Structures are given as C-alpha cells and as structure tokens.
>>> print(open('data.cif').read())   # mmCIF, C-alpha atoms
data_my_file
#
loop_
_atom_site.label_atom_id
_atom_site.label_comp_id
_atom_site.auth_asym_id
_atom_site.auth_seq_id
_atom_site.Cartn_x
_atom_site.Cartn_y
_atom_site.Cartn_z
CA MET C 243 -13.44 -89.09 114.43
CA ARG C 244 -15.44 -86.80 112.24
CA GLY C 245 -19.04 -86.94 111.06
CA GLY C 246 -20.61 -85.92 107.78
CA GLY C 247 -24.27 -85.35 106.96
CA VAL C 248 -26.32 -86.72 104.10
CA GLY C 249 -30.03 -86.49 103.73
CA GLY C 250 -30.30 -89.54 101.54
CA LEU C 251 -30.53 -93.21 102.31
CA CYS C 252 -27.85 -95.76 101.57
CA PRO C 253 -29.00 -99.32 100.95
CA ASN C 254 -28.10 -102.27 103.12
CA PRO C 255 -24.29 -102.06 103.04
CA PRO C 256 -22.23 -104.93 101.68
CA ALA C 257 -18.79 -105.60 103.09
CA ALA C 258 -17.29 -103.05 100.69
CA LEU C 259 -19.46 -100.21 102.02
CA LEU C 260 -16.67 -98.53 103.97
CA ASP C 261 -14.98 -95.15 103.62
CA ALA C 262 -11.78 -94.99 105.57
CA GLN C 263 -11.81 -98.23 107.45
CA PRO C 264 -10.35 -101.64 106.57
CA LEU C 265 -13.00 -103.82 104.95
CA SER C 266 -13.24 -106.04 108.04
CA GLN C 267 -14.50 -103.22 110.28
CA PRO C 268 -18.18 -102.27 110.66
CA ARG C 269 -19.66 -98.95 109.69
CA CYS C 270 -22.37 -97.20 111.63
CA VAL C 271 -25.08 -94.75 110.71
CA SER C 272 -26.33 -92.06 113.07
CA VAL C 273 -29.73 -90.49 112.58
CA VAL C 274 -30.33 -87.01 113.93
CA ALA C 275 -33.82 -85.59 114.30
CA ALA C 276 -33.85 -81.78 114.39
CA GLY C 277 -36.75 -79.81 115.81
CA MET C 278 -37.59 -76.12 115.81
CA GLY C 279 -34.57 -73.83 115.69
CA ASN C 280 -32.44 -76.61 114.29
CA GLN C 281 -31.74 -77.92 117.78
CA VAL C 282 -30.85 -81.57 117.94
CA GLU C 283 -33.61 -83.42 119.79
CA LYS C 284 -32.55 -87.02 119.31
CA LEU C 285 -29.45 -88.97 118.35
CA THR C 286 -29.86 -92.67 117.74
CA HIS C 287 -28.36 -95.50 115.71
CA LEU C 288 -30.44 -97.38 113.18
CA ASN C 289 -29.73 -100.06 110.68
CA TYR C 290 -30.10 -99.13 107.04
CA LYS C 291 -33.56 -100.68 106.62
CA GLU C 292 -34.90 -98.44 109.40
CA VAL C 293 -33.71 -95.16 107.90
CA PRO C 294 -36.67 -93.35 106.28
CA THR C 295 -36.69 -92.71 102.55
CA ALA C 296 -38.61 -90.41 100.27
CA ASP C 297 -41.80 -90.29 98.35
CA PRO C 298 -40.80 -92.02 95.06
CA ALA C 299 -42.35 -89.14 93.16
CA GLY C 300 -39.69 -86.87 94.64
CA VAL C 301 -42.16 -84.74 96.63
CA ASP C 302 -40.54 -83.25 99.70
CA ARG C 303 -42.87 -82.81 102.66
CA ASP C 304 -42.14 -80.32 105.42
CA GLU C 305 -44.48 -81.90 107.96
CA GLY C 306 -42.74 -82.85 111.19
CA PRO C 307 -39.03 -82.92 111.99
CA ARG C 308 -36.58 -83.54 109.17
CA ILE C 309 -34.45 -86.64 109.28
CA GLY C 310 -30.81 -86.74 108.16
CA VAL C 311 -28.16 -89.42 108.09
CA SER C 312 -24.70 -88.73 109.48
CA TYR C 313 -21.79 -90.91 108.36
CA ILE C 314 -19.13 -91.60 110.98
CA PHE C 315 -15.59 -91.80 109.60
CA SER C 316 -12.77 -93.13 111.75
CA ASN C 317 -9.89 -92.04 109.51
CA ASP C 318 -8.96 -89.85 106.59
CA ASP C 319 -9.70 -91.94 103.52
CA ASP C 320 -6.19 -91.37 102.18
CA GLU C 321 -4.97 -93.65 104.96
CA LEU C 322 -6.66 -96.50 103.13
CA GLU C 323 -4.66 -95.57 100.05
CA GLN C 324 -1.55 -96.31 102.05
CA GLN C 325 -2.80 -99.81 102.82
CA GLN C 326 -3.68 -100.41 99.18
CA GLU C 327 -0.32 -99.34 97.77
CA SER C 328 1.10 -102.83 98.29
CA GLY C 329 -1.21 -103.99 95.50
CA HIS C 330 -2.68 -106.96 97.40
CA ASP C 331 -6.15 -106.07 96.15
CA LEU C 332 -4.84 -106.30 92.60
CA GLY C 333 -3.41 -109.77 92.83
CA GLY C 334 0.08 -108.42 93.57
CA GLU C 335 0.40 -106.90 90.11
CA HIS C 336 1.45 -103.35 89.40
CA PRO C 337 -1.74 -101.23 89.10
CA ALA C 338 -0.57 -99.71 85.81
CA LEU C 339 -0.65 -103.21 84.30
CA GLN C 340 -4.31 -103.69 85.20
CA PRO C 341 -6.88 -103.00 82.46
CA TYR C 342 -8.77 -99.82 83.26
CA ASP C 343 -11.73 -98.38 81.38
CA PRO C 344 -13.24 -95.21 82.93
CA GLN C 345 -16.63 -95.88 81.36
CA LEU C 346 -16.70 -99.37 82.85
CA HIS C 347 -15.45 -98.59 86.36
CA GLU C 348 -16.41 -94.96 87.11
CA VAL C 349 -19.73 -93.54 88.26
CA GLU C 350 -21.29 -90.77 86.18
CA CYS C 351 -22.58 -88.07 88.50
CA SER C 352 -23.36 -84.39 88.90
CA VAL C 353 -23.13 -82.18 91.98
CA TYR C 354 -25.50 -79.26 92.54
CA TYR C 355 -25.46 -76.42 95.02
CA ARG C 356 -29.13 -75.52 95.06
CA ASP C 357 -29.81 -75.28 91.30
CA GLU C 358 -26.23 -74.63 90.16
CA CYS C 359 -24.15 -77.50 88.78
CA ILE C 360 -20.70 -77.25 90.39
CA TYR C 361 -19.21 -80.63 89.36
CA GLN C 362 -19.89 -83.08 86.57
CA LYS C 363 -18.42 -86.39 85.48
CA SER C 364 -20.12 -87.51 82.29
CA PHE C 365 -19.43 -89.69 79.28
CA SER C 366 -22.09 -87.98 77.15
CA GLU C 367 -21.58 -87.41 73.45
CA GLU C 368 -19.86 -84.05 73.77
CA ASP C 369 -17.27 -85.59 76.09
CA ILE C 370 -16.22 -88.66 74.10
CA LEU C 371 -14.25 -87.13 71.24
CA PRO C 372 -11.00 -89.13 71.06
CA GLU C 373 -7.72 -87.34 71.74
CA GLU C 374 -4.29 -88.05 70.37
CA GLY C 375 -2.71 -90.90 72.33
CA ASP C 376 -6.06 -91.63 74.01
CA GLU C 377 -5.91 -94.88 76.00
CA GLY C 378 -8.54 -96.46 78.20
CA GLY C 379 -11.01 -93.58 77.96
CA ARG C 380 -12.26 -90.68 75.90
CA GLY C 381 -12.39 -86.92 76.01
CA HIS C 382 -11.43 -85.04 79.17
CA LEU C 383 -11.90 -88.24 81.21
CA SER C 384 -9.14 -90.02 79.28
CA THR C 385 -6.44 -91.60 81.41
CA TYR C 386 -2.72 -91.71 80.64
CA THR C 387 0.45 -93.19 82.03
CA PRO C 388 2.37 -90.96 84.48
CA GLU C 389 5.11 -90.44 81.87
CA ASN C 390 2.56 -89.29 79.30
CA LEU C 391 0.97 -86.92 81.82
CA LEU C 392 4.28 -85.11 82.27
CA ASN C 393 4.03 -83.94 78.66
CA ARG C 394 0.52 -82.59 79.22
CA CYS C 395 0.64 -80.89 82.63
CA LYS C 396 1.16 -77.18 83.25
CA PRO C 397 1.79 -75.54 86.64
CA GLY C 398 -1.52 -75.11 88.48
CA ASP C 399 -3.17 -78.16 86.89
CA LEU C 400 -4.99 -80.71 89.03
CA VAL C 401 -4.24 -84.37 88.31
CA GLU C 402 -6.46 -87.26 89.37
CA PHE C 403 -4.86 -90.72 89.57
CA VAL C 404 -7.36 -93.56 89.27
CA CYS C 405 -7.26 -97.30 89.71
CA GLN C 406 -9.88 -99.98 90.14
CA ALA C 407 -10.92 -100.62 93.79
CA GLN C 408 -8.94 -97.60 95.11
CA TYR C 409 -9.84 -94.07 96.07
CA PRO C 410 -8.82 -91.52 93.42
CA HIS C 411 -5.69 -89.63 94.44
CA TRP C 412 -5.52 -85.92 93.56
CA VAL C 413 -2.35 -83.82 93.24
CA VAL C 414 -1.43 -80.27 92.22
CA TYR C 415 1.22 -79.99 89.50
CA VAL C 416 3.68 -77.25 90.47
CA GLY C 417 6.21 -77.59 87.62
CA ASP C 418 9.60 -79.25 87.16
CA PHE C 419 7.96 -82.73 87.13
CA GLN C 420 6.78 -82.20 90.72
CA VAL C 421 3.42 -82.19 92.49
CA VAL C 422 2.10 -81.25 95.93
CA HIS C 423 -0.50 -83.53 97.49
CA LEU C 424 -2.05 -84.77 100.73
CA HIS C 425 -0.52 -88.19 101.40
CA ARG C 426 -0.55 -90.21 104.62
CA LEU C 427 -1.97 -87.28 106.59
CA GLU C 428 0.74 -84.89 105.44
CA VAL C 429 1.05 -82.37 102.61
CA VAL C 430 4.17 -83.39 100.69
CA ASN C 431 6.14 -82.41 97.59
CA SER C 432 6.86 -85.37 95.28
CA PHE C 433 7.75 -86.18 91.72
CA LEU C 434 4.61 -86.83 89.69
CA THR C 435 5.76 -90.32 88.75
CA ASP C 436 6.30 -91.19 92.43
CA ALA C 437 2.95 -89.74 93.51
CA SER C 438 1.13 -91.80 90.89
CA GLN C 439 2.17 -95.11 92.53
CA GLY C 440 1.91 -96.55 89.03
CA ARG C 441 -1.72 -95.51 88.55
CA ARG C 442 -3.06 -93.96 85.37
CA GLY C 443 -4.18 -90.36 85.62
CA ARG C 444 -5.96 -87.46 83.98
CA ILE C 445 -5.89 -83.68 84.14
CA ALA C 446 -8.94 -82.92 86.27
CA ASN C 447 -9.34 -79.17 85.72
CA GLN C 448 -12.73 -79.55 84.02
CA LEU C 449 -14.54 -81.60 86.67
CA TYR C 450 -15.30 -78.75 89.08
CA ARG C 451 -17.02 -75.76 87.53
CA TYR C 452 -15.82 -73.09 89.92
CA LYS C 453 -13.74 -70.24 88.53
CA PRO C 454 -10.08 -71.16 89.14
CA LEU C 455 -7.42 -68.94 90.64
CA SER C 456 -4.44 -67.95 88.51
CA PRO C 457 -1.85 -70.73 87.95
CA ALA C 458 0.66 -68.82 90.08
CA ALA C 459 -1.85 -68.58 92.96
CA VAL C 460 -2.67 -72.30 92.72
CA VAL C 461 1.02 -73.22 92.91
CA ARG C 462 1.56 -70.81 95.79
CA ASN C 463 -1.40 -72.24 97.73
CA ALA C 464 0.00 -75.74 97.33
CA LEU C 465 3.62 -74.97 98.20
CA GLU C 466 2.69 -72.96 101.29
CA GLN C 467 1.01 -76.04 102.80
CA VAL C 468 3.96 -78.42 102.35
CA GLY C 469 4.83 -79.95 105.72
CA CYS C 470 1.36 -79.46 107.21
CA LYS C 471 0.24 -82.71 108.83
CA ASP C 472 -1.92 -84.52 111.36
CA ARG C 473 -4.04 -82.19 113.52
CA ASP C 474 -2.95 -79.10 111.62
CA LEU C 475 -4.58 -80.36 108.42
CA SER C 476 -7.72 -78.65 107.14
CA TRP C 477 -8.65 -81.40 104.67
CA ARG C 478 -9.81 -85.00 105.01
CA ASN C 479 -8.67 -86.25 101.61
CA SER C 480 -6.43 -85.46 98.65
CA GLU C 481 -9.31 -84.25 96.46
CA CYS C 482 -10.47 -81.59 98.91
CA PHE C 483 -6.89 -80.35 99.33
CA ALA C 484 -6.16 -80.14 95.60
CA ALA C 485 -9.50 -78.48 94.83
CA TRP C 486 -8.93 -75.92 97.59
CA CYS C 487 -5.55 -75.04 96.10
CA ARG C 488 -7.09 -74.39 92.67
CA TYR C 489 -10.35 -72.68 93.67
CA GLY C 490 -9.57 -71.25 97.12
CA LYS C 491 -13.04 -72.02 98.48
CA ARG C 492 -13.42 -72.75 102.18
CA GLU C 493 -16.15 -75.27 101.41
CA PHE C 494 -13.40 -77.82 100.70
CA LYS C 495 -12.00 -77.49 104.25
CA ILE C 496 -12.98 -79.42 107.36
CA GLY C 497 -15.77 -77.47 109.03
CA GLY C 498 -15.79 -74.93 106.21
CA GLU C 499 -19.58 -74.77 106.28
CA LEU C 500 -22.06 -74.65 109.13
CA ARG C 501 -24.33 -77.68 109.41
CA ILE C 502 -27.64 -76.14 110.42
CA GLY C 503 -30.11 -78.71 109.19
CA LYS C 504 -30.32 -77.45 105.62
CA GLN C 505 -29.16 -79.72 102.79
CA PRO C 506 -28.35 -77.46 99.82
CA TYR C 507 -25.99 -79.93 98.07
CA ARG C 508 -27.25 -82.73 95.84
CA LEU C 509 -25.31 -85.66 94.40
CA GLN C 510 -27.11 -86.98 91.34
CA ILE C 511 -25.90 -90.48 90.41
CA ARG C 512 -26.71 -91.67 86.92
CA LEU C 513 -28.00 -95.24 86.79
CA GLY C 514 -28.40 -95.51 83.03
CA ASP C 515 -31.66 -95.89 81.09
CA LYS C 516 -32.35 -92.20 81.76
CA ARG C 517 -32.65 -92.86 85.49
CA SER C 518 -30.82 -91.18 88.35
CA HIS C 519 -30.71 -91.28 92.14
CA THR C 520 -30.24 -88.16 94.22
CA LEU C 521 -28.71 -87.80 97.68
CA GLU C 522 -28.80 -84.56 99.69
CA PHE C 523 -25.97 -83.22 101.88
CA GLN C 524 -25.40 -80.44 104.38
CA SER C 525 -21.88 -79.64 103.14
CA LEU C 526 -19.70 -80.06 100.07
CA GLU C 527 -17.06 -81.86 102.12
CA ASP C 528 -19.56 -84.54 103.17
CA LEU C 529 -20.73 -84.96 99.59
CA ILE C 530 -17.16 -85.41 98.34
CA MET C 531 -16.59 -88.19 100.88
CA GLU C 532 -19.61 -90.09 99.56
CA LYS C 533 -18.63 -89.44 95.94
CA ARG C 534 -15.15 -90.83 96.64
CA ARG C 535 -16.65 -93.91 98.27
CA ASN C 536 -18.61 -94.52 95.08
CA ASP C 537 -15.41 -94.15 93.05
CA GLN C 538 -13.65 -96.65 95.29
CA ILE C 539 -16.27 -99.42 95.17
CA GLY C 540 -16.92 -98.88 91.45
CA ARG C 541 -19.85 -98.40 89.11
CA ALA C 542 -21.21 -101.95 89.24
CA ALA C 543 -21.29 -102.01 93.05
CA VAL C 544 -22.97 -98.59 93.25
CA ILE C 545 -25.69 -99.63 90.81
CA GLN C 546 -26.22 -102.87 92.71
CA GLU C 547 -26.51 -101.00 96.02
CA LEU C 548 -28.99 -98.51 94.64
CA SER C 549 -31.02 -101.18 92.88
CA SER C 550 -31.35 -103.08 96.16
CA HIS C 551 -32.33 -99.88 97.95
CA LEU C 552 -34.86 -98.87 95.32
CA GLN C 553 -36.50 -102.28 95.39
CA ALA C 554 -36.75 -102.16 99.18
CA ALA C 555 -38.03 -98.58 99.05
CA GLU C 556 -40.74 -99.50 96.57
CA GLU C 557 -41.92 -102.32 98.81
CA GLU C 558 -41.99 -99.99 101.81
CA ASP C 559 -43.83 -97.33 99.82
CA GLU C 560 -46.50 -99.84 98.92
CA GLU C 561 -47.01 -100.57 102.60
CA GLU C 562 -46.99 -96.87 103.45
CA ASP C 563 -49.57 -96.13 100.77
CA GLU C 564 -51.95 -98.40 102.60
CA ASP C 565 -51.44 -96.32 105.73
CA HIS C 566 -51.41 -93.00 103.81
CA HIS C 567 -48.04 -92.14 105.28
CA HIS C 568 -44.80 -90.89 103.57
CA HIS C 569 -41.30 -89.88 104.75
CA PRO C 570 -38.81 -87.31 103.32
CA GLY C 571 -35.26 -88.29 102.26
CA ALA C 572 -33.41 -89.47 99.18
CA ARG C 573 -35.19 -89.79 95.88
CA THR C 574 -34.90 -91.44 92.53
CA ALA C 575 -36.01 -89.67 89.39
CA VAL C 576 -36.39 -90.25 85.69
CA GLU C 577 -34.33 -87.70 83.81
#
>>> encode(input="data.cif", output="structure tokens")
Amino acid sequence: MRGGGVGGLCPNPPAALLDAQPLSQPRCVSVVAAGMGNQVEKLTHLNYKEVPTADPAGVDRDEGPRIGVSYIFSNDDDELEQQQESGHDLGGEHPALQPYDPQLHEVECSVYYRDECIYQKSFSEEDILPEEGDEGGRGHLSTYTPENLLNRCKPGDLVEFVCQAQYPHWVVYVGDFQVVHLHRLEVVNSFLTDASQGRRGRIANQLYRYKPLSPAAVVRNALEQVGCKDRDLSWRNSECFAAWCRYGKREFKIGGELRIGKQPYRLQIRLGDKRSHTLEFQSLEDLIMEKRRNDQIGRAAVIQELSSHLQAAEEEDEEEDEDHHHHPGARTAVE
C-alpha cells in the first residue's frame, strides 16, 4: 500500500471514484495535520464533506497548521487495466470498434511546478490543425489505429493508448515494431500491436515539456529495465515508467521526491467557460495518479464531481463568512 499527497479537495466520491481498486471496493481519505518543523501531529480519517477547502477567491492563508489530503492506493493502477482487458465494461466489444473522440472524453489540464508549466493537454486553437489521416481527434492529440501508429513511430517515442473508461497505457517505442512498457507489474518487451490491446493511440512526446534525452538513451533506459517486476519496480504506473525513460527524471519514480509538507505541484483542470479548478500536490508522482484517475472516469464525470464540490464549497463558504472563518486548500479560479 502506498500513499500520495494532494492539497486539494475531492468532492463526494461516486462509485467510479477509485484509482486502482475494483469499483465495488471503498476508497478512504487520510488527513494529515502538520505542525512546526513539518512533524506530523495528527492522522485521522474524514469523509469528503469534512475535508476543508479554500477561500473561493484563491487566497492562501498561512495561519495555523496546513491541511493536506493523502490518497491511499491498494494497487498499481495498471492492475486494473488487466481486469479491463476482457472488454466487459465495453459491452464485450473490441475497444477499437468503440467510438472515441478525445475532445469528448478527455480532460483538458495543465501541470505546474511552482510557476513553470511542465505538462499540458489542450484542444486550443493552435492544437486543432487537422493532420493527414486524422481520425477521432485533431492536432497532436489525434488518435490512430495501432497499425497506423507503426508508420509514425520512431525509436525513443512515447505512445499513449487511450480508450473510454480505461486508464491510458503508455509505452516506449524501441524500433522493429516493438515497445517496452510496464504491464501487470512487470516491465516487458512486446509488439506495439499486442501492447495496444486494440486501443487507439497517439505519439505523446509533446505532452510533457521537459527536455528529452537522446532517442538512443531513451531506448537504452527502456531495454535495461525489461524483466524488472513486483517489489523491484520503481514506478506505480505505465505513464511514470515511460516518462522516466524519455526524460530521466527521478520525480517519476516511487519516492523520488521528499514529502515535507510543501505542495509545489499544481494540477489545473479546465472546466470550460473560462473556468478552472486547481489541486495542489506534494510530488509529481501523486499528481500523475490523480490525473490518470480523471482520464479513467472521463471528462463528464470529472466536471460533475467538481460541480458538486464547488456547489457544496460555496454553501460552506457562505456559512463560514458569517463566522468570519476560512480554510486553505483547493481553489477554483476564472482564467
């Protein structure tokens, strides 16, 4: 069992609000209150309505101990991919036969380390220029059949396979129609068409904004990890593994960053109508886990969750205004 930290508040979770557990299992939230010297003073379990939220104006207050939320994950989220491969969530049909529109199903978001944007998924005007053979999407977020991807990939490329109601699966293309990826708690070498499990995919080199290693170094990083599994793994999901191979940053590894109470990472989720919601995290790995959860439940569910949370937060803020009392935490802003 591993925990991840996020300084923001999730709304009351529906049944789908799960990371790595089957949908029938509950999910818990731990709240840690840190005092002076970042020493943990209290560990308790609250329901979502009891977790404090922010001043709606986005004003952070440093009065008193800071409150953070820690997600508890029972499994690597790629284990859930194994359960979904049978296609029972898709009515028994092959996932490639399902209609898929990135703009309809995927969440637009940006990731910041302090004030630097390190990841962005956006369907803004500069990203929607159609490409030759474009199907089910536009620009660099276009998706293609596995066979079509083989004509586009070069050694060292990252590929993201996507499908409605599933976690994205990331692989590293190493040449000769083969990829290396984290699958079922083991780093394996597969043919790209096999690794896709019939899902559509895209070349994902442009999503993270870190400077990449040379293609030869990316391939070498991937191949050297083949056979690594179970307790020897340094990654909780396929995205963290693939991104580490390409960028070589320890932040993608389990425990790659110290959690000392600070929350330098921000996940900004676009809600449309020039509105966004921001969650704060102690580490990049924790943020990626939440981002992947959003990808798995889909855009409509994320917006519904946040809308419910925002409505509840506004009601609580009205009551707090009467008492002249505010709490720090997640915030919603108008862009």
>>> atom_distance(input="data.cif", atom1="atom CA of Arg451 of chain C", atom2="atom CA of Tyr361 of chain C")
5.6 Å
>>> resolve_selection(input="data.cif", expression="the PyMOL selection byres ((chain C and resi 470-478) around 7)", output="list in words")
Asp318, Leu427, Glu428, Val429, Gln467, Val468, Gly469, Asn479, Cys482, Phe483, Lys495 and Ile496 of chain C
>>> resolve_selection(input="data.cif", expression="the PyMOL selection byres ((chain C and resi 533) around 12)", output="mmCIF file with C-alpha atoms, keeping the file's coordinate frame")
data_model
loop_
_atom_site.group_PDB
_atom_site.id
_atom_site.type_symbol
_atom_site.label_atom_id
_atom_site.label_comp_id
_atom_site.auth_asym_id
_atom_site.auth_seq_id
_atom_site.Cartn_x
_atom_site.Cartn_y
_atom_site.Cartn_z
ATOM 1 C CA VAL C 248 -26.320 -86.720 104.100
ATOM 2 C CA ASP C 261 -14.980 -95.150 103.620
ATOM 3 C CA ASP C 319 -9.700 -91.940 103.520
ATOM 4 C CA GLU C 348 -16.410 -94.960 87.110
ATOM 5 C CA VAL C 349 -19.730 -93.540 88.260
ATOM 6 C CA GLU C 350 -21.290 -90.770 86.180
ATOM 7 C CA CYS C 351 -22.580 -88.070 88.500
ATOM 8 C CA SER C 352 -23.360 -84.390 88.900
ATOM 9 C CA VAL C 353 -23.130 -82.180 91.980
ATOM 10 C CA TYR C 361 -19.210 -80.630 89.360
ATOM 11 C CA GLN C 362 -19.890 -83.080 86.570
ATOM 12 C CA LYS C 363 -18.420 -86.390 85.480
ATOM 13 C CA TYR C 409 -9.840 -94.070 96.070
ATOM 14 C CA PRO C 410 -8.820 -91.520 93.420
ATOM 15 C CA ASN C 479 -8.670 -86.250 101.610
ATOM 16 C CA GLU C 481 -9.310 -84.250 96.460
ATOM 17 C CA CYS C 482 -10.470 -81.590 98.910
ATOM 18 C CA ARG C 508 -27.250 -82.730 95.840
ATOM 19 C CA LEU C 509 -25.310 -85.660 94.400
ATOM 20 C CA GLN C 510 -27.110 -86.980 91.340
ATOM 21 C CA ILE C 511 -25.900 -90.480 90.410
ATOM 22 C CA THR C 520 -30.240 -88.160 94.220
ATOM 23 C CA LEU C 521 -28.710 -87.800 97.680
ATOM 24 C CA GLU C 522 -28.800 -84.560 99.690
ATOM 25 C CA PHE C 523 -25.970 -83.220 101.880
ATOM 26 C CA LEU C 526 -19.700 -80.060 100.070
ATOM 27 C CA GLU C 527 -17.060 -81.860 102.120
ATOM 28 C CA ASP C 528 -19.560 -84.540 103.170
ATOM 29 C CA LEU C 529 -20.730 -84.960 99.590
ATOM 30 C CA ILE C 530 -17.160 -85.410 98.340
ATOM 31 C CA MET C 531 -16.590 -88.190 100.880
ATOM 32 C CA GLU C 532 -19.610 -90.090 99.560
ATOM 33 C CA ARG C 534 -15.150 -90.830 96.640
ATOM 34 C CA ARG C 535 -16.650 -93.910 98.270
ATOM 35 C CA ASN C 536 -18.610 -94.520 95.080
ATOM 36 C CA ASP C 537 -15.410 -94.150 93.050
ATOM 37 C CA GLN C 538 -13.650 -96.650 95.290
ATOM 38 C CA ILE C 539 -16.270 -99.420 95.170
ATOM 39 C CA GLY C 540 -16.920 -98.880 91.450
ATOM 40 C CA ARG C 541 -19.850 -98.400 89.110
ATOM 41 C CA VAL C 544 -22.970 -98.590 93.250
#
>>> resolve_selection(input="data.cif", expression="the PyMOL selection byres ((chain C and resi 418) around 12)", output="list in words")
Leu392, Asn393, Cys395, Lys396, Pro397, Gly398, Tyr415, Val416, Gly417, Phe419, Gln420, Val421, Val422, Asn431, Ser432, Phe433, Leu434, Thr435 and Val461 of chain C
>>> closest_residue(input="data.cif", among="C:Leu383, C:Leu424, C:Ala437, C:Ala458", to="Arg488 of chain C", atoms="all atoms listed in the file")
C:Ala458
>>> atom_distance(input="data.cif", atom1="atom CA of Asp343 of chain C", atom2="atom CA of Thr385 of chain C")
8.6 Å
>>> atom_distance(input="data.cif", atom1="atom CA of Leu400 of chain C", atom2="atom CA of Gln448 of chain C")
9.3 Å
>>> decode(input="data.cif", residues="segment 430-504 of chain C", atoms="C-alpha atoms", output="tab-separated table (two decimals), in the first residue's frame")
chain	number	residue	atom	x	y	z
C	430	VAL	CA	8.03	-6.26	-20.68
C	431	ASN	CA	9.01	-6.11	-24.35
C	432	SER	CA	6.04	-6.53	-26.72
C	433	PHE	CA	4.95	-5.82	-30.24
C	434	LEU	CA	3.19	-2.47	-30.45
C	435	THR	CA	0.03	-4.06	-31.83
C	436	ASP	CA	-0.09	-6.51	-28.91
C	437	ALA	CA	0.56	-3.81	-26.31
C	438	SER	CA	-2.29	-1.71	-27.68
C	439	GLN	CA	-4.90	-4.36	-26.77
C	440	GLY	CA	-6.88	-2.93	-29.68
C	441	ARG	CA	-6.94	0.61	-28.28
C	442	ARG	CA	-6.31	3.70	-30.37
C	443	GLY	CA	-3.15	5.62	-29.60
C	444	ARG	CA	-1.12	8.76	-30.14
C	445	ILE	CA	2.52	9.78	-30.03
C	446	ALA	CA	2.76	11.53	-26.66
C	447	ASN	CA	6.13	13.28	-26.94
C	448	GLN	CA	4.61	16.76	-26.73
C	449	LEU	CA	2.58	16.37	-23.53
C	450	TYR	CA	5.45	16.73	-21.06
C	451	ARG	CA	7.60	19.81	-21.55
C	452	TYR	CA	10.83	18.52	-20.07
C	453	LYS	CA	13.88	18.33	-22.31
C	454	PRO	CA	14.07	14.74	-23.61
C	455	LEU	CA	17.13	12.52	-23.63
C	456	SER	CA	18.54	11.37	-26.96
C	457	PRO	CA	16.50	8.65	-28.73
C	458	ALA	CA	19.32	6.16	-28.13
C	459	ALA	CA	19.32	6.94	-24.39
C	460	VAL	CA	15.52	6.58	-24.19
C	461	VAL	CA	15.66	3.16	-25.86
C	462	ARG	CA	18.54	2.09	-23.63
C	463	ASN	CA	16.69	3.17	-20.47
C	464	ALA	CA	13.67	1.13	-21.52
C	465	LEU	CA	15.50	-2.03	-22.57
C	466	GLU	CA	17.64	-2.10	-19.42
C	467	GLN	CA	14.50	-2.38	-17.29
C	468	VAL	CA	12.95	-5.34	-19.14
C	469	GLY	CA	12.25	-8.13	-16.65
C	470	CYS	CA	12.01	-5.82	-13.63
C	471	LYS	CA	8.87	-6.67	-11.66
C	472	ASP	CA	6.96	-6.64	-8.40
C	473	ARG	CA	8.94	-5.19	-5.46
C	474	ASP	CA	11.88	-4.24	-7.66
C	475	LEU	CA	9.76	-1.77	-9.62
C	476	SER	CA	10.34	1.96	-9.17
C	477	TRP	CA	7.10	3.05	-10.85
C	478	ARG	CA	3.42	2.73	-9.98
C	479	ASN	CA	2.01	3.02	-13.50
C	480	SER	CA	2.91	2.82	-17.17
C	481	GLU	CA	2.95	6.60	-17.64
C	482	CYS	CA	5.55	7.22	-14.94
C	483	PHE	CA	7.75	4.45	-16.36
C	484	ALA	CA	7.57	5.68	-19.96
C	485	ALA	CA	8.14	9.31	-18.96
C	486	TRP	CA	11.16	8.32	-16.85
C	487	CYS	CA	12.67	6.51	-19.83
C	488	ARG	CA	12.35	9.60	-22.03
C	489	TYR	CA	13.26	12.34	-19.54
C	490	GLY	CA	15.35	10.51	-16.93
C	491	LYS	CA	13.90	12.50	-14.03
C	492	ARG	CA	13.68	10.83	-10.63
C	493	GLU	CA	10.42	12.67	-9.94
C	494	PHE	CA	8.63	9.95	-11.93
C	495	LYS	CA	9.86	7.21	-9.55
C	496	ILE	CA	8.24	5.95	-6.36
C	497	GLY	CA	9.61	8.07	-3.52
C	498	GLY	CA	11.59	10.20	-5.96
C	499	GLU	CA	10.73	13.35	-4.01
C	500	LEU	CA	10.62	14.08	-0.30
C	501	ARG	CA	7.17	14.88	1.07
C	502	ILE	CA	7.91	17.61	3.58
C	503	GLY	CA	4.61	19.44	3.75
C	504	LYS	CA	5.20	21.70	0.76
